[in-house]
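J.: Just passing along the structure, written as structure tokens.
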Amino acid sequence: MEIVILGLANCDTCRKARKALPGARFRDIRAEPLSDTERAAVLQEFGEQLINRASTTWRGLSESERSQTPESLLSANPALMKRPVILTGGTAYLGWTPEVRRSLGVE
């Protein structure tokens with residue numbers, strides 16, 4: 001079963017996920033942005049949770065930028081995506097929480 005990790009190469013949480021899942025394929029969403037279809041799919045799965053409102057990128061946005069739709073925000077600012085997003089066997093996981101690690105058999 002293929003595991004795909006969507007994230008940023010310089011993200012510490014993504015690095016932890018990559019280390020714990022050595023067979024996974026990693027995709028840096030800055031270097032290889034999500035297509036409109038892929039973005040719509042993860043937004044449908046996670047909704048507003050997908051926007052990382054604690055990020056430096058979010059804090060740098062103006063009020064008018066923050067009021068855009070999640071789709072527009074992520075299209076213009078891939079780093080706003082909460083990460084990692086882990087795709088495996090038709091299931092998607094958001095973040096690198098103890099629950100996600102347990103679900104993936106990594107502790």
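Chains: A, B, ... in order of the structure tokens. Residues: from 1 per chain. Ligands: from 1, in order shown.
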Which neighbours of A:Arg101 fall inside 10 Å, counting only C-alpha atoms, when residues of the same chain fewer than 5 positions from it are skipped, and could you give them as a short mmCIF file (atom, residue, chain, number, x, y, z; two decimals) with C-alpha atoms, in the first residue's frame?

T.:
```cif
data_model
loop_
_atom_site.label_atom_id
_atom_site.label_comp_id
_atom_site.auth_asym_id
_atom_site.auth_seq_id
_atom_site.Cartn_x
_atom_site.Cartn_y
_atom_site.Cartn_z
CA ALA A 17 6.45 11.83 9.63
CA ALA A 20 8.69 7.36 10.85
CA LEU A 21 7.33 6.32 7.42
CA TYR A 93 -4.98 11.84 7.74
CA GLY A 95 -1.33 16.19 11.11
CA TRP A 96 1.07 13.98 13.01
CA VAL A 106 3.72 4.03 14.16
CA GLU A 107 4.38 4.85 17.80
#
```

J.: Return as an MDAnalysis selection string the full set of residues in chain A whose backbone-based DSSP assignment is strand (DSSP E).

T.: chainID A and resid 3:7 25:28 85:88 91:94

J.: What would the file look like if the residues just selected were written as a short mmCIF file (atom, residue, chain, number, x, y, z; two decimals), in the first residue's frame with N, CA and C atoms?

T.:
```cif
data_model
loop_
_atom_site.label_atom_id
_atom_site.label_comp_id
_atom_site.auth_asym_id
_atom_site.auth_seq_id
_atom_site.Cartn_x
_atom_site.Cartn_y
_atom_site.Cartn_z
N ILE A 3 1.96 5.02 0.54
CA ILE A 3 1.69 6.13 1.45
C ILE A 3 2.30 7.37 0.82
N VAL A 4 1.50 8.44 0.75
CA VAL A 4 1.98 9.70 0.22
C VAL A 4 1.84 10.74 1.32
N ILE A 5 2.93 11.46 1.56
CA ILE A 5 2.94 12.54 2.55
C ILE A 5 2.99 13.85 1.79
N LEU A 6 1.99 14.69 2.01
CA LEU A 6 1.95 16.02 1.42
C LEU A 6 2.38 17.01 2.49
N GLY A 7 3.38 17.81 2.19
CA GLY A 7 3.86 18.77 3.19
C GLY A 7 4.91 19.68 2.62
N ARG A 25 6.16 8.10 -0.02
CA ARG A 25 6.58 9.07 -1.04
C ARG A 25 6.24 10.45 -0.50
N PHE A 26 7.21 11.35 -0.49
CA PHE A 26 6.99 12.70 0.01
C PHE A 26 6.82 13.66 -1.15
N ARG A 27 5.86 14.55 -1.01
CA ARG A 27 5.61 15.57 -2.04
C ARG A 27 5.61 16.94 -1.38
N ASP A 28 6.59 17.74 -1.74
CA ASP A 28 6.68 19.11 -1.23
C ASP A 28 5.67 19.96 -2.00
N VAL A 85 -0.41 16.12 5.38
CA VAL A 85 -1.58 15.36 4.96
C VAL A 85 -1.01 14.04 4.47
N ILE A 86 -1.50 12.94 5.03
CA ILE A 86 -1.00 11.62 4.69
C ILE A 86 -2.12 10.85 4.00
N LEU A 87 -1.83 10.38 2.81
CA LEU A 87 -2.81 9.65 2.00
C LEU A 87 -2.36 8.20 1.89
N THR A 88 -3.24 7.28 2.24
CA THR A 88 -2.92 5.86 2.14
C THR A 88 -4.18 5.03 2.01
N THR A 91 -7.59 6.48 2.46
CA THR A 91 -7.82 7.21 3.71
C THR A 91 -6.86 8.38 3.78
N ALA A 92 -7.35 9.49 4.31
CA ALA A 92 -6.52 10.69 4.46
C ALA A 92 -6.42 11.04 5.94
N TYR A 93 -5.23 11.42 6.36
CA TYR A 93 -4.98 11.84 7.74
C TYR A 93 -4.42 13.24 7.72
N LEU A 94 -4.75 14.02 8.74
CA LEU A 94 -4.26 15.39 8.85
C LEU A 94 -3.45 15.53 10.12
#
```

J.: Provide the atom CA of A:Ser55 to atom CA of A:Gly89 distance in Å, to one decimal place.

T.: 29.1 Å

J.: Would you mind reading off the distance between atom CA of A:Cys11 and atom CA of A:Leu34, one decimal, in Å?

T.: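 That distance, rounded to one decimal, is 17.1 Å.
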
J.: Identify, on the basis of only C-alpha atoms, every residue whose closest approach to stretch 46-52 of chain A does not exceed 7 Å; exclude the query and any residue fewer than 4 positions from it along the same chain; express the result as JSON, numbers by chain.

T.: {"A": [42, 70, 80, 81, 82]}

J.: Take the residues from that selection and write them out as a CSV table (one decimal), in the first residue's frame, keeping N, CA and C atoms.

T.:
```
chain,number,residue,atom,x,y,z
A,42,VAL,N,-8.9,17.3,-0.7
A,42,VAL,CA,-8.4,17.4,0.7
A,42,VAL,C,-9.3,18.4,1.4
A,70,PRO,N,-11.2,29.0,1.6
A,70,PRO,CA,-10.1,28.2,1.8
A,70,PRO,C,-9.4,27.7,0.5
A,80,LEU,N,0.0,27.5,3.8
A,80,LEU,CA,-1.1,27.6,4.8
A,80,LEU,C,-1.8,26.3,5.1
A,81,MET,N,-1.5,25.3,4.3
A,81,MET,CA,-2.0,24.0,4.6
A,81,MET,C,-1.5,23.4,5.9
A,82,LYS,N,-2.4,22.9,6.8
A,82,LYS,CA,-1.9,22.2,8.0
A,82,LYS,C,-1.3,21.0,7.5
```

J.: To one decimal place in Å, what is the distance between atom CA of A:Arg18 and atom CA of A:Leu61?

T.: 29.0 Å

J.: Between A:Leu8, A:Leu43, A:Ala54, A:Cys14, which has the minimum distance to A:Ser75 (counting only C-alpha atoms)?

T.: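 Among A:Leu8, A:Leu43, A:Ala54, A:Cys14, it is A:Leu43 that comes nearest to A:Ser75.
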
J.: Calculated over only C-alpha atoms, which of the candidates A:Gly23, A:Glu45, A:Thr56, A:Ile29 has the smallest distance to A:Arg83?

T.: A:Ile29

J.: So which bits of chain A end up alpha helix (DSSP H) when you DSSP the backbone, as a compact mmCIF listing (two decimals) with C-alpha atoms, in the first residue's frame?

T.:
```txt
# COMPACT_ATOMS: atom_id res chain seq x y z
CA ASP A 12 9.73 19.78 11.33
CA THR A 13 6.47 17.86 11.70
CA CYS A 14 6.74 16.64 8.10
CA ARG A 15 10.32 15.54 8.78
CA LYS A 16 9.13 13.48 11.76
CA ALA A 17 6.45 11.83 9.63
CA ARG A 18 8.94 11.10 6.84
CA LYS A 19 11.39 9.55 9.30
CA ALA A 20 8.69 7.36 10.85
CA ASP A 36 -7.29 22.09 -8.31
CA THR A 37 -8.78 18.60 -8.12
CA GLU A 38 -6.38 17.46 -5.38
CA ARG A 39 -6.94 20.64 -3.38
CA ALA A 40 -10.72 20.22 -3.67
CA ALA A 41 -10.44 16.61 -2.48
CA VAL A 42 -8.43 17.41 0.67
CA LEU A 43 -10.67 20.40 1.38
CA GLN A 44 -13.72 18.17 1.09
CA GLU A 45 -12.09 15.72 3.51
CA PHE A 46 -10.90 18.23 6.12
CA THR A 56 3.54 32.62 10.18
CA THR A 57 1.99 32.75 6.72
CA TRP A 58 -1.51 33.25 8.20
CA ARG A 59 -0.29 36.00 10.53
CA GLU A 63 -7.85 40.84 6.82
CA SER A 64 -9.14 40.88 3.24
CA GLU A 65 -6.83 37.98 2.31
CA ARG A 66 -7.96 36.01 5.38
CA PRO A 70 -10.07 28.16 1.83
CA GLU A 71 -9.61 27.06 -1.80
CA SER A 72 -8.31 30.51 -2.82
CA LEU A 73 -6.11 30.77 0.26
CA LEU A 74 -4.47 27.39 -0.35
CA SER A 75 -4.08 28.05 -4.05
CA ALA A 76 -2.22 31.32 -3.41
CA PRO A 98 -0.74 10.37 18.41
CA GLU A 99 -4.06 9.23 16.88
CA VAL A 100 -2.67 9.47 13.34
CA ARG A 101 0.51 7.63 14.33
CA ARG A 102 -1.56 4.89 16.01
CA SER A 103 -3.78 4.55 12.93
```

J.: Restricting the calculation to only C-alpha atoms: of A:Ser35, A:Gly105, A:Gly90, A:Pro78, which residue gets closest to A:Met1?

T.: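 Answer, going by the shortest atom-to-atom distance: A:Gly90.
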